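Enquirer: Structure: my_file-v1.pdb, PDB, C-alpha atoms.
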ATOM      1  CA  MET S 115       9.940  10.923  21.834
ATOM      2  CA  ASP S 116       6.828  10.970  19.653
ATOM      3  CA  ASN S 117       6.021  13.958  17.514
ATOM      4  CA  GLU S 118       3.258  15.576  15.463
ATOM      5  CA  MET S 119       3.191  18.271  12.781
ATOM      6  CA  THR S 120       0.999  20.046  10.257
ATOM      7  CA  LEU S 121       2.123  21.644   6.984
ATOM      8  CA  SER S 122      -0.071  23.635   4.600
ATOM      9  CA  PHE S 123       0.800  25.119   1.218
ATOM     10  CA  ILE S 124      -0.876  26.351  -1.966
ATOM     11  CA  ALA S 125      -1.399  24.094  -4.974
ATOM     12  CA  ILE S 126       1.620  24.801  -7.167
ATOM     13  CA  SER S 127       3.973  22.094  -8.374
ATOM     14  CA  GLU S 128       7.026  23.730  -6.795
ATOM     15  CA  ASN S 129       5.646  22.618  -3.413
ATOM     16  CA  GLU S 130       6.055  18.913  -4.259
ATOM     17  CA  GLY S 131       9.749  19.304  -3.479
ATOM     18  CA  LEU S 132       8.994  21.380  -0.381
ATOM     19  CA  ALA S 133       6.733  18.638   1.005
ATOM     20  CA  ARG S 134       9.395  15.954   0.433
ATOM     21  CA  MET S 135      12.039  18.087   2.122
ATOM     22  CA  VAL S 136       9.958  18.879   5.216
ATOM     23  CA  MET S 137       8.826  15.266   5.621
ATOM     24  CA  THR S 138      12.405  14.022   5.236
ATOM     25  CA  SER S 139      13.377  16.260   8.166
ATOM     26  CA  PHE S 140      10.397  15.050  10.186
ATOM     27  CA  ILE S 141      11.538  11.411  10.021
ATOM     28  CA  ALA S 142      15.275  12.123  10.282
ATOM     29  CA  SER S 143      15.471  11.015  13.927
ATOM     30  CA  LEU S 144      14.352   7.500  12.884
ATOM     31  CA  ASP S 145      17.621   7.215  10.951
ATOM     32  CA  PRO S 146      15.927   5.478   7.989
ATOM     33  CA  THR S 147      17.852   3.389   5.469
ATOM     34  CA  ILE S 148      18.394   4.877   1.997
ATOM     35  CA  ASP S 149      15.650   2.673   0.550
ATOM     36  CA  GLU S 150      13.173   3.400   3.374
ATOM     37  CA  LEU S 151      13.715   7.125   2.917
ATOM     38  CA  ALA S 152      13.365   6.916  -0.880
ATOM     39  CA  GLU S 153      10.126   4.926  -0.578
ATOM     40  CA  PHE S 154       8.735   7.339   2.013
ATOM     41  CA  LYS S 155       9.600  10.385  -0.139
ATOM     42  CA  THR S 156       7.971   8.709  -3.144
ATOM     43  CA  ILE S 157       4.684   8.184  -1.278
ATOM     44  CA  VAL S 158       4.694  11.830  -0.122
ATOM     45  CA  SER S 159       5.465  13.031  -3.637
ATOM     46  CA  GLU S 160       2.709  10.958  -5.277
ATOM     47  CA  ALA S 161       0.051  12.012  -2.765
ATOM     48  CA  VAL S 162       0.968  15.707  -2.864
ATOM     49  CA  THR S 163       1.146  15.708  -6.678
ATOM     50  CA  ASN S 164      -2.320  14.115  -6.802
ATOM     51  CA  ALA S 165      -3.731  16.866  -4.580
ATOM     52  CA  ILE S 166      -2.066  19.632  -6.616
ATOM     53  CA  ILE S 167      -2.943  18.315 -10.092
ATOM     54  CA  HIS S 168      -6.194  16.446  -9.605
ATOM     55  CA  GLY S 169      -7.629  18.200  -6.548
ATOM     56  CA  TYR S 170      -6.929  21.761  -7.639
ATOM     57  CA  GLU S 171      -5.601  21.599 -11.238
ATOM     58  CA  GLU S 172      -2.610  23.640 -10.040
ATOM     59  CA  ASP S 173      -4.740  26.718  -9.399
ATOM     60  CA  GLY S 174      -2.285  28.226  -6.913
ATOM     61  CA  GLU S 175      -5.136  28.962  -4.529
ATOM     62  CA  GLY S 176      -6.305  25.685  -3.070
ATOM     63  CA  ILE S 177      -4.611  24.571   0.127
ATOM     64  CA  VAL S 178      -2.979  21.165   0.583
ATOM     65  CA  THR S 179      -2.533  20.100   4.196
ATOM     66  CA  ILE S 180      -0.262  17.382   5.495
ATOM     67  CA  ARG S 181      -0.703  16.075   9.019
ATOM     68  CA  ALA S 182       1.920  13.688  10.263
ATOM     69  CA  LYS S 183       2.471  11.744  13.445
ATOM     70  CA  ARG S 184       5.506   9.839  14.575
ATOM     71  CA  SER S 185       4.804   7.144  17.122
ATOM     72  CA  GLY S 186       7.731   4.914  17.979
ATOM     73  CA  ARG S 187       9.061   3.831  14.592
ATOM     74  CA  GLU S 188       5.755   4.271  12.806
ATOM     75  CA  ILE S 189       4.758   7.309  10.742
ATOM     76  CA  THR S 190       1.114   8.066   9.994
ATOM     77  CA  MET S 191       0.404  10.801   7.479
ATOM     78  CA  THR S 192      -2.698  12.334   5.944
ATOM     79  CA  ILE S 193      -2.485  14.438   2.780
ATOM     80  CA  ARG S 194      -5.682  16.378   2.337
ATOM     81  CA  ASP S 195      -7.161  18.759  -0.200
ATOM     82  CA  GLU S 196     -10.537  20.438  -0.469
ATOM     83  CA  GLY S 197     -10.632  20.262  -4.237
ATOM     84  CA  ARG S 198     -12.805  18.541  -6.778
ATOM     85  CA  GLY S 199     -12.568  15.029  -5.348
ATOM     86  CA  ILE S 200     -12.314  11.665  -7.100
ATOM     87  CA  PRO S 201     -15.632  10.419  -8.542
ATOM     88  CA  ASN S 202     -14.585   6.756  -8.516
ATOM     89  CA  VAL S 203     -11.827   5.913  -6.030
ATOM     90  CA  GLU S 204     -11.734   2.225  -6.953
ATOM     91  CA  GLN S 205     -11.097   3.056 -10.604
ATOM     92  CA  ALA S 206      -8.503   5.717  -9.716
ATOM     93  CA  MET S 207      -6.558   3.118  -7.724
ATOM     94  CA  GLU S 208      -6.298   0.651 -10.622
ATOM     95  CA  PRO S 209      -2.768   0.412 -12.038
ATOM     96  CA  LEU S 210      -2.259   2.517 -15.183
ATOM     97  CA  TYR S 211      -5.596   4.328 -14.839
ATOM     98  CA  THR S 212      -5.264   8.078 -15.301
ATOM     99  CA  SER S 213      -7.858  10.781 -15.829
ATOM    100  CA  LYS S 214      -5.181  12.912 -17.461
ATOM    101  CA  PRO S 215      -3.401  10.841 -20.146
ATOM    102  CA  GLU S 216      -2.727  14.008 -22.168
ATOM    103  CA  ARG S 217      -0.586  15.263 -19.277
ATOM    104  CA  GLU S 218       1.626  12.175 -19.402
ATOM    105  CA  ARG S 219       0.507  10.959 -16.014
ATOM    106  CA  SER S 220       1.421   7.294 -15.802
ATOM    107  CA  GLY S 221      -1.533   6.200 -13.672
ATOM    108  CA  MET S 222       0.859   4.461 -11.279
ATOM    109  CA  GLY S 223       0.570   6.841  -8.328
ATOM    110  CA  PHE S 224      -1.786   4.796  -6.158
ATOM    111  CA  THR S 225      -0.078   1.492  -6.993
ATOM    112  CA  ILE S 226       3.263   2.949  -5.909
ATOM    113  CA  MET S 227       1.804   4.492  -2.731
ATOM    114  CA  GLU S 228       0.176   1.182  -1.787
ATOM    115  CA  SER S 229       3.331  -0.812  -2.486
ATOM    116  CA  PHE S 230       5.647   1.454  -0.498
ATOM    117  CA  SER S 231       3.388   1.903   2.550
ATOM    118  CA  ASP S 232       2.198  -0.602   5.148
ATOM    119  CA  HIS S 233      -1.371   0.636   5.023
ATOM    120  CA  LEU S 234      -3.137   3.127   2.775
ATOM    121  CA  SER S 235      -6.695   4.425   2.734
ATOM    122  CA  VAL S 236      -8.393   6.996   0.539
ATOM    123  CA  TRP S 237     -11.396   9.144   1.352
ATOM    124  CA  SER S 238     -12.882  11.283  -1.384
ATOM    125  CA  GLU S 239     -16.104  13.054  -2.184
ATOM    126  CA  PRO S 240     -16.821  15.037  -5.366
ATOM    127  CA  GLN S 241     -16.512  18.814  -4.798
ATOM    128  CA  LYS S 242     -15.438  18.235  -1.181
ATOM    129  CA  GLY S 243     -11.945  16.919  -1.575
ATOM    130  CA  THR S 244      -9.655  13.966  -1.047
ATOM    131  CA  ALA S 245      -7.678  12.636   1.901
ATOM    132  CA  ILE S 246      -4.996   9.980   1.559
ATOM    133  CA  THR S 247      -3.827   8.401   4.817
ATOM    134  CA  PHE S 248      -0.910   6.008   5.030
ATOM    135  CA  THR S 249       1.297   4.415   7.651
ATOM    136  CA  LYS S 250       4.839   3.238   7.244
ATOM    137  CA  GLU S 251       6.896   1.463   9.831
ATOM    138  CA  PHE S 252      10.656   1.853   9.834
ATOM    139  CA  LEU S 253      12.934  -1.039  10.757
ATOM    140  CA  PRO S 254      14.933  -0.879  13.977
ATOM    141  CA  ILE S 255      18.317   0.758  13.556
ATOM    142  CA  GLN S 256      20.984  -1.813  12.784
ATOM    143  CA  SER S 257      24.070  -1.319  14.869
ATOM    144  CA  ASN S 258      27.408  -1.738  13.145
ATOM    145  CA  PHE S 259      29.194  -2.431  16.399
ATOM    146  CA  VAL S 260      29.586  -5.949  17.697
ATOM    147  CA  LEU S 261      30.193  -6.092  21.426
ATOM    148  CA  GLY S 262      31.575  -8.745  23.695
ATOM    149  CA  GLU S 263      33.445 -10.866  21.154
ATOM    150  CA  ARG S 264      37.108 -11.435  21.794
TER     151      ARG S 264
ATOM    152  CA  MET C 280      16.714  19.342 -12.152
ATOM    153  CA  LYS C 281      19.287  19.099 -14.880
ATOM    154  CA  HIS C 282      19.741  16.860 -17.831
ATOM    155  CA  GLN C 283      22.408  16.364 -20.374
ATOM    156  CA  LEU C 284      21.605  14.988 -23.784
ATOM    157  CA  LEU C 285      24.323  13.463 -25.861
ATOM    158  CA  PHE C 286      23.935  12.146 -29.323
ATOM    159  CA  VAL C 287      26.138   9.322 -30.301
ATOM    160  CA  GLU C 288      26.482   7.776 -33.695
ATOM    161  CA  ASP C 289      23.998   5.306 -35.068
ATOM    162  CA  GLY C 290      20.891   7.128 -33.854
ATOM    163  CA  ILE C 291      21.329   6.297 -30.195
ATOM    164  CA  ALA C 292      20.471   9.189 -27.838
ATOM    165  CA  ILE C 293      21.770   9.213 -24.302
ATOM    166  CA  ILE C 294      19.941  11.275 -21.690
ATOM    167  CA  ARG C 295      21.664  11.723 -18.330
ATOM    168  CA  LEU C 296      19.261  12.958 -15.657
ATOM    169  CA  LYS C 297      20.509  14.728 -12.537
ATOM    170  CA  GLY C 298      18.778  15.846  -9.347
ATOM    171  CA  GLU C 299      15.127  15.156  -8.571
ATOM    172  CA  LEU C 300      12.595  14.083 -11.177
ATOM    173  CA  ASP C 301       9.029  14.809 -10.065
ATOM    174  CA  HIS C 302       5.957  16.283 -11.772
ATOM    175  CA  HIS C 303       7.350  19.799 -11.270
ATOM    176  CA  ALA C 304      10.657  18.939 -12.955
ATOM    177  CA  THR C 305       9.083  17.095 -15.888
ATOM    178  CA  GLN C 306       7.126  20.235 -16.777
ATOM    179  CA  THR C 307      10.374  22.051 -17.489
ATOM    180  CA  ILE C 308      12.533  19.340 -19.037
ATOM    181  CA  ARG C 309       9.963  17.461 -21.151
ATOM    182  CA  ASP C 310       9.884  20.051 -23.942
ATOM    183  CA  GLU C 311      13.634  20.589 -23.871
ATOM    184  CA  ILE C 312      14.286  16.877 -24.268
ATOM    185  CA  SER C 313      11.662  16.523 -26.992
ATOM    186  CA  GLN C 314      13.086  19.450 -28.969
ATOM    187  CA  SER C 315      16.588  17.994 -28.844
ATOM    188  CA  LEU C 316      15.329  14.579 -29.890
ATOM    189  CA  TYR C 317      13.605  15.994 -32.974
ATOM    190  CA  ARG C 318      17.021  16.819 -34.414
ATOM    191  CA  GLY C 319      17.966  13.247 -35.109
ATOM    192  CA  THR C 320      16.497  10.054 -36.442
ATOM    193  CA  LEU C 321      16.464   7.780 -33.459
ATOM    194  CA  ARG C 322      16.782   4.068 -33.024
ATOM    195  CA  ALA C 323      17.253   4.037 -29.287
ATOM    196  CA  ILE C 324      17.064   6.205 -26.177
ATOM    197  CA  VAL C 325      19.312   5.388 -23.248
ATOM    198  CA  TRP C 326      18.315   6.947 -19.907
ATOM    199  CA  ASN C 327      21.242   7.163 -17.506
ATOM    200  CA  LEU C 328      19.936   7.686 -13.949
ATOM    201  CA  LYS C 329      23.268   7.439 -12.128
ATOM    202  CA  GLU C 330      23.052  11.009 -10.802
ATOM    203  CA  LEU C 331      19.297  11.077 -10.310
ATOM    204  CA  HIS C 332      18.626  11.295  -6.573
ATOM    205  CA  PHE C 333      14.849  10.993  -6.643
ATOM    206  CA  MET C 334      12.164   9.881  -9.068
ATOM    207  CA  ASP C 335       8.435   9.260  -8.676
ATOM    208  CA  SER C 336       5.821   8.164 -11.219
ATOM    209  CA  ALA C 337       6.360  11.392 -13.182
ATOM    210  CA  GLY C 338       9.553   9.722 -14.428
ATOM    211  CA  ILE C 339       7.487   6.848 -15.822
ATOM    212  CA  GLY C 340       5.311   9.352 -17.699
ATOM    213  CA  LEU C 341       8.396  11.096 -19.095
ATOM    214  CA  ILE C 342      10.044   7.881 -20.311
ATOM    215  CA  LEU C 343       6.828   6.369 -21.730
ATOM    216  CA  GLY C 344       6.013   9.638 -23.523
ATOM    217  CA  ARG C 345       9.416   9.916 -25.194
ATOM    218  CA  MET C 346       9.232   6.235 -26.115
ATOM    219  CA  ARG C 347       5.858   6.749 -27.790
ATOM    220  CA  ASP C 348       6.988   9.874 -29.665
ATOM    221  CA  PHE C 349      10.542   9.049 -30.689
ATOM    222  CA  VAL C 350      11.359   5.380 -30.538
ATOM    223  CA  PRO C 351      10.224   3.453 -33.616
ATOM    224  CA  THR C 352       8.498   0.113 -33.076
ATOM    225  CA  ASN C 353      11.702  -1.816 -33.678
ATOM    226  CA  GLY C 354      13.749   0.658 -31.637
ATOM    227  CA  LYS C 355      14.852   0.304 -28.031
ATOM    228  CA  THR C 356      14.558   2.076 -24.709
ATOM    229  CA  VAL C 357      17.212   1.318 -22.118
ATOM    230  CA  ILE C 358      17.333   2.450 -18.478
ATOM    231  CA  LEU C 359      20.677   2.445 -16.675
ATOM    232  CA  TYR C 360      21.650   2.800 -13.005
ATOM    233  CA  PRO C 361      18.219   3.164 -11.321
ATOM    234  CA  SER C 362      18.260   3.088  -7.501
ATOM    235  CA  GLU C 363      16.625   0.114  -5.752
ATOM    236  CA  THR C 364      13.454   2.160  -5.202
ATOM    237  CA  MET C 365      13.369   3.356  -8.825
ATOM    238  CA  LYS C 366      13.853  -0.244  -9.964
ATOM    239  CA  LYS C 367      10.712  -1.203  -8.046
ATOM    240  CA  ILE C 368       8.777   1.685  -9.628
ATOM    241  CA  PHE C 369       9.865   0.492 -13.096
ATOM    242  CA  GLN C 370       8.829  -3.074 -12.259
ATOM    243  CA  TYR C 371       5.353  -2.042 -11.031
ATOM    244  CA  SER C 372       4.912  -0.002 -14.229
ATOM    245  CA  GLY C 373       5.898  -2.826 -16.566
ATOM    246  CA  LEU C 374       9.213  -1.210 -17.515
ATOM    247  CA  GLY C 375      11.380  -3.665 -15.568
ATOM    248  CA  SER C 376      12.673  -5.327 -18.724
ATOM    249  CA  TYR C 377      14.075  -1.999 -19.976
ATOM    250  CA  VAL C 378      16.523  -1.831 -17.082
ATOM    251  CA  TRP C 379      19.959  -3.066 -18.114
ATOM    252  CA  SER C 380      22.835  -3.670 -15.752
ATOM    253  CA  THR C 381      25.471  -2.590 -18.266
ATOM    254  CA  THR C 382      27.621   0.554 -18.412
ATOM    255  CA  GLU C 383      26.866   3.315 -20.914
ATOM    256  CA  GLU C 384      29.702   2.114 -23.149
ATOM    257  CA  GLU C 385      28.643  -1.528 -23.045
ATOM    258  CA  THR C 386      25.049  -0.487 -23.775
ATOM    259  CA  ILE C 387      26.071   1.455 -26.888
ATOM    260  CA  ALA C 388      28.199  -1.432 -28.099
ATOM    261  CA  GLU C 389      25.394  -3.910 -27.528
ATOM    262  CA  LEU C 390      22.772  -1.694 -29.206
ATOM    263  CA  GLY C 391      25.097  -1.168 -32.192
ATOM    264  CA  GLY C 392      25.361  -4.929 -32.479
ATOM    265  CA  ILE C 393      21.597  -5.416 -32.290
ATOM    266  CA  PHE C 394      20.915  -2.790 -34.951
ATOM    267  CA  ASN C 395      23.587  -4.112 -37.272
ATOM    268  CA  GLY C 396      22.193  -7.606 -37.010
ATOM    269  CA  GLN C 397      25.166  -9.148 -35.222
TER     270      GLN C 397
END
In structure tokens, how does this file's structure come out?

Expert:
Amino acid sequence: MDNEMTLSFIAISENEGLARMVMTSFIASLDPTIDELAEFKTIVSEAVTNAIIHGYEEDGEGIVTIRAKRSGREITMTIRDEGRGIPNVEQAMEPLYTSKPERERSGMGFTIMESFSDHLSVWSEPQKGTAITFTKEFLPIQSNFVLGER
Amino acid sequence: MKHQLLFVEDGIAIIRLKGELDHHATQTIRDEISQSLYRGTLRAIVWNLKELHFMDSAGIGLILGRMRDFVPTNGKTVILYPSETMKKIFQYSGLGSYVWSTTEEETIAELGGIFNGQ
């Protein structure tokens, strides 16, 4: 059975863990492998952290919204904020680029999101916000039972 | 998020991270770790991730920052027991060569050897 959900929360860092927990529950019925789940949680965490830190500078007022859809064994998710936006998306997606080096951001967020997802796209407009959409397909469940051999 | 910092002889600090390491967690543990590290003269930091259940790129920032502030140019940073996913994150970030597949004890012995020129 396919499924859809929406989750909204204010821009405080505590909600990074909340987002990972809710999204883990949302994909639980796909019975993901440990690595699939870890990769999925990492993408969620990077995108939500971006929205909280870069979109809203952790102002505790801005709203981050996650929309997710499960279709067969594919998850499509959009993480959206209505914050300050990214002036140069291409530059932001370069490995090791960060606009906040003083905050010890590694600049690896987009590289990691791209590597762990099957498809990733970024929409952003200054003063309007940012939306990161990704899809990830989960492998068919491997059965441990072997039938018919005698 | 918890961490345990142990100093062993020879200026090698061992940091065992537990729980989930994200941007939220680094905000609380970064200063604690830095304050503890100021107490000693360091030659190496060993990060033991055996009980770390989750890490995103905030972990890279934490490790790179402590490396920059506390590990001298001829010192070493070693990462132990990362999960498969964490290993990939370290590789993408250029930290793949810091991951050792030794135990904590073997790492200390090996580092002691390196520093004593054996």

Enquirer: Residues of chain S within 7 Å of chain C, counting only C-alpha atoms - could you list those as a count of residues only?

Expert: 14

Enquirer: On this file, the PyMOL selection byres ((chain S and resi 189) around 10) gives some set of residues; write that set as a PDB file with C-alpha atoms, in the coordinates of the input.

Expert:
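Result saved to selection36.pdb:
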ATOM      1  CA  ASP S 116       6.828  10.970  19.653  1.00  0.00           C
ATOM      2  CA  ASN S 117       6.021  13.958  17.514  1.00  0.00           C
ATOM      3  CA  GLU S 118       3.258  15.576  15.463  1.00  0.00           C
ATOM      4  CA  PHE S 140      10.397  15.050  10.186  1.00  0.00           C
ATOM      5  CA  ILE S 141      11.538  11.411  10.021  1.00  0.00           C
ATOM      6  CA  LEU S 144      14.352   7.500  12.884  1.00  0.00           C
ATOM      7  CA  PHE S 154       8.735   7.339   2.013  1.00  0.00           C
ATOM      8  CA  ALA S 182       1.920  13.688  10.263  1.00  0.00           C
ATOM      9  CA  LYS S 183       2.471  11.744  13.445  1.00  0.00           C
ATOM     10  CA  ARG S 184       5.506   9.839  14.575  1.00  0.00           C
ATOM     11  CA  SER S 185       4.804   7.144  17.122  1.00  0.00           C
ATOM     12  CA  GLY S 186       7.731   4.914  17.979  1.00  0.00           C
ATOM     13  CA  ARG S 187       9.061   3.831  14.592  1.00  0.00           C
ATOM     14  CA  GLU S 188       5.755   4.271  12.806  1.00  0.00           C
ATOM     15  CA  THR S 190       1.114   8.066   9.994  1.00  0.00           C
ATOM     16  CA  MET S 191       0.404  10.801   7.479  1.00  0.00           C
ATOM     17  CA  SER S 231       3.388   1.903   2.550  1.00  0.00           C
ATOM     18  CA  PHE S 248      -0.910   6.008   5.030  1.00  0.00           C
ATOM     19  CA  THR S 249       1.297   4.415   7.651  1.00  0.00           C
ATOM     20  CA  LYS S 250       4.839   3.238   7.244  1.00  0.00           C
ATOM     21  CA  GLU S 251       6.896   1.463   9.831  1.00  0.00           C
ATOM     22  CA  PHE S 252      10.656   1.853   9.834  1.00  0.00           C
TER      23      PHE S 252
END

Enquirer: Give me the residues within 6 Å of Ala125 of chain S as a VMD selection string, counting all atoms listed in the file and dropping any in the same chain fewer than 6 places off.

Expert: chain S and resid 166 172 174 176

Enquirer: Of the residues S:Thr147, S:Thr179, S:Gln205, S:Ser238, which is the one nearest to Thr225 of chain S, using all atoms listed in the file?

Expert: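 Comparing S:Thr147, S:Thr179, S:Gln205, S:Ser238 against Thr225 of chain S, the winner is S:Gln205.
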
Enquirer: Please compute the atom CA of His282 of chain C-atom CA of Glu383 of chain C distance, one decimal, in Å.

Expert: 15.6 Å

Enquirer: Distance cut-off 12 Å, centre (25.9, -0.4, -26.8) in file coordinates, counting only C-alpha atoms: which residues qualify? Return them as a PyMOL selection string.

Expert: chain C and resi 287-293+322-325+355-357+359+379-395

Enquirer: Interatomic distance between atom CA of Lys329 of chain C and atom CA of Val378 of chain C?

Expert: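 It comes out at 12.5 Å.
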
Enquirer: Quick one: distance from atom CA of Leu234 of chain S to atom CA of Ile193 of chain S in Å, one decimal?

Expert: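 Separating atom CA of Leu234 of chain S from atom CA of Ile193 of chain S is a distance of 11.3 Å.
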
Enquirer: Just checking: using only C-alpha atoms, which residue out of S:Arg217, S:Pro146, S:Tyr211, S:Phe123 ends up closest to Ile167 of chain S?

Expert: S:Arg217

Enquirer: What's around Lys281 of chain C at 9 Å? Count all atoms listed in the file, leave out sequence neighbours fewer than 5 positions away in its own chain, and write the answer as a list in words.

Expert: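 That gives Arg295, Leu296, Lys297, Gly298, Glu299, Ala304 and Ile308 of chain C.
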
Enquirer: Since I can't run it myself right now, could you work out what the PyMOL selection byres ((chain S and resi 204) around 12) selects here and report it as a short mmCIF file (atom, residue, chain, number, x, y, z; two decimals) with C-alpha atoms, keeping the file's coordinate frame?

Expert:
data_model
loop_
_atom_site.label_atom_id
_atom_site.label_comp_id
_atom_site.auth_asym_id
_atom_site.auth_seq_id
_atom_site.Cartn_x
_atom_site.Cartn_y
_atom_site.Cartn_z
CA ILE S 200 -12.31 11.66 -7.10
CA PRO S 201 -15.63 10.42 -8.54
CA ASN S 202 -14.58 6.76 -8.52
CA VAL S 203 -11.83 5.91 -6.03
CA GLN S 205 -11.10 3.06 -10.60
CA ALA S 206 -8.50 5.72 -9.72
CA MET S 207 -6.56 3.12 -7.72
CA GLU S 208 -6.30 0.65 -10.62
CA PRO S 209 -2.77 0.41 -12.04
CA TYR S 211 -5.60 4.33 -14.84
CA PHE S 224 -1.79 4.80 -6.16
CA THR S 225 -0.08 1.49 -6.99
CA SER S 235 -6.70 4.42 2.73
CA VAL S 236 -8.39 7.00 0.54
CA TRP S 237 -11.40 9.14 1.35
CA SER S 238 -12.88 11.28 -1.38
#

Enquirer: Excluding Gln241 of chain S and residues on its chain fewer than 3 positions from it, collect all residues at most 9 Å away from it, counting all atoms listed in the file, and give them as a PyMOL selection string.

Expert: chain S and resi 196-200

Enquirer: May I ask which of the residues C:Lys366, C:Met280, C:Arg309, C:Leu374 is the closest one to Leu331 of chain C, counting only C-alpha atoms?

Expert: C:Met280

Enquirer: Which residue out of C:Asp310, C:Leu284, C:Tyr377, C:Glu330 has the minimum interatomic distance to Gly354 of chain C when all atoms listed in the file are used?

Expert: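 Closest to Gly354 of chain C, using all atoms listed in the file: C:Tyr377.
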
Enquirer: Box for segment 146-161 of chain S: with edges along x, y and z, all listed atoms inside and 5 Å added on each side, what are the centre and edge lengths in Å to one decimal, as lines of an AutoDock Vina configuration file?

Expert:
center_x = 9.2
center_y = 7.9
center_z = 1.4
size_x = 28.3
size_y = 20.4
size_z = 23.3

Enquirer: From the options C:Ile358, C:Val350, C:Phe286, C:Gly375, which residue's atoms come nearest to Arg318 of chain C, counting only C-alpha atoms?

Expert: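 Ranking C:Ile358, C:Val350, C:Phe286, C:Gly375 by distance to Arg318 of chain C, first place goes to C:Phe286.
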
Enquirer: Counting all atoms listed in the file, note down every residue that has an atom within 6 Å of the point (0.9, 20.1, -3.0) (file coordinates), as a ChimeraX atom specification.

Expert: /S:125,129-130,162-163,165-166,178

Enquirer: Kindly reconstruct segment 329-341 of chain C with N, CA and C atoms and present the result as an mmCIF file, in the coordinates of the input.

Expert:
data_model
loop_
_atom_site.group_PDB
_atom_site.id
_atom_site.type_symbol
_atom_site.label_atom_id
_atom_site.label_comp_id
_atom_site.auth_asym_id
_atom_site.auth_seq_id
_atom_site.Cartn_x
_atom_site.Cartn_y
_atom_site.Cartn_z
ATOM 1 N N LYS C 329 22.231 7.539 -13.156
ATOM 2 C CA LYS C 329 23.268 7.439 -12.128
ATOM 3 C C LYS C 329 23.253 8.615 -11.160
ATOM 4 N N GLU C 330 23.017 9.831 -11.677
ATOM 5 C CA GLU C 330 23.052 11.009 -10.802
ATOM 6 C C GLU C 330 21.667 11.543 -10.483
ATOM 7 N N LEU C 331 20.662 10.685 -10.651
ATOM 8 C CA LEU C 331 19.297 11.077 -10.310
ATOM 9 C C LEU C 331 19.045 10.649 -8.863
ATOM 10 N N HIS C 332 18.746 11.613 -7.999
ATOM 11 C CA HIS C 332 18.626 11.295 -6.573
ATOM 12 C C HIS C 332 17.213 10.930 -6.163
ATOM 13 N N PHE C 333 16.240 11.313 -6.979
ATOM 14 C CA PHE C 333 14.849 10.993 -6.643
ATOM 15 C C PHE C 333 14.028 10.910 -7.925
ATOM 16 N N MET C 334 13.101 9.956 -7.945
ATOM 17 C CA MET C 334 12.164 9.881 -9.068
ATOM 18 C C MET C 334 10.848 9.281 -8.579
ATOM 19 N N ASP C 335 9.724 9.888 -8.964
ATOM 20 C CA ASP C 335 8.435 9.260 -8.676
ATOM 21 C C ASP C 335 7.761 8.897 -9.996
ATOM 22 N N SER C 336 6.458 8.677 -10.005
ATOM 23 C CA SER C 336 5.821 8.164 -11.219
ATOM 24 C C SER C 336 5.852 9.163 -12.379
ATOM 25 N N ALA C 337 6.198 10.421 -12.101
ATOM 26 C CA ALA C 337 6.360 11.392 -13.182
ATOM 27 C C ALA C 337 7.468 10.940 -14.142
ATOM 28 N N GLY C 338 8.464 10.247 -13.600
ATOM 29 C CA GLY C 338 9.553 9.722 -14.428
ATOM 30 C C GLY C 338 9.046 8.673 -15.410
ATOM 31 N N ILE C 339 8.084 7.862 -14.943
ATOM 32 C CA ILE C 339 7.487 6.848 -15.822
ATOM 33 C C ILE C 339 6.778 7.543 -16.985
ATOM 34 N N GLY C 340 6.017 8.596 -16.663
ATOM 35 C CA GLY C 340 5.311 9.352 -17.699
ATOM 36 C C GLY C 340 6.280 9.944 -18.713
ATOM 37 N N LEU C 341 7.399 10.473 -18.211
ATOM 38 C CA LEU C 341 8.396 11.096 -19.095
ATOM 39 C C LEU C 341 9.007 10.062 -20.048
#
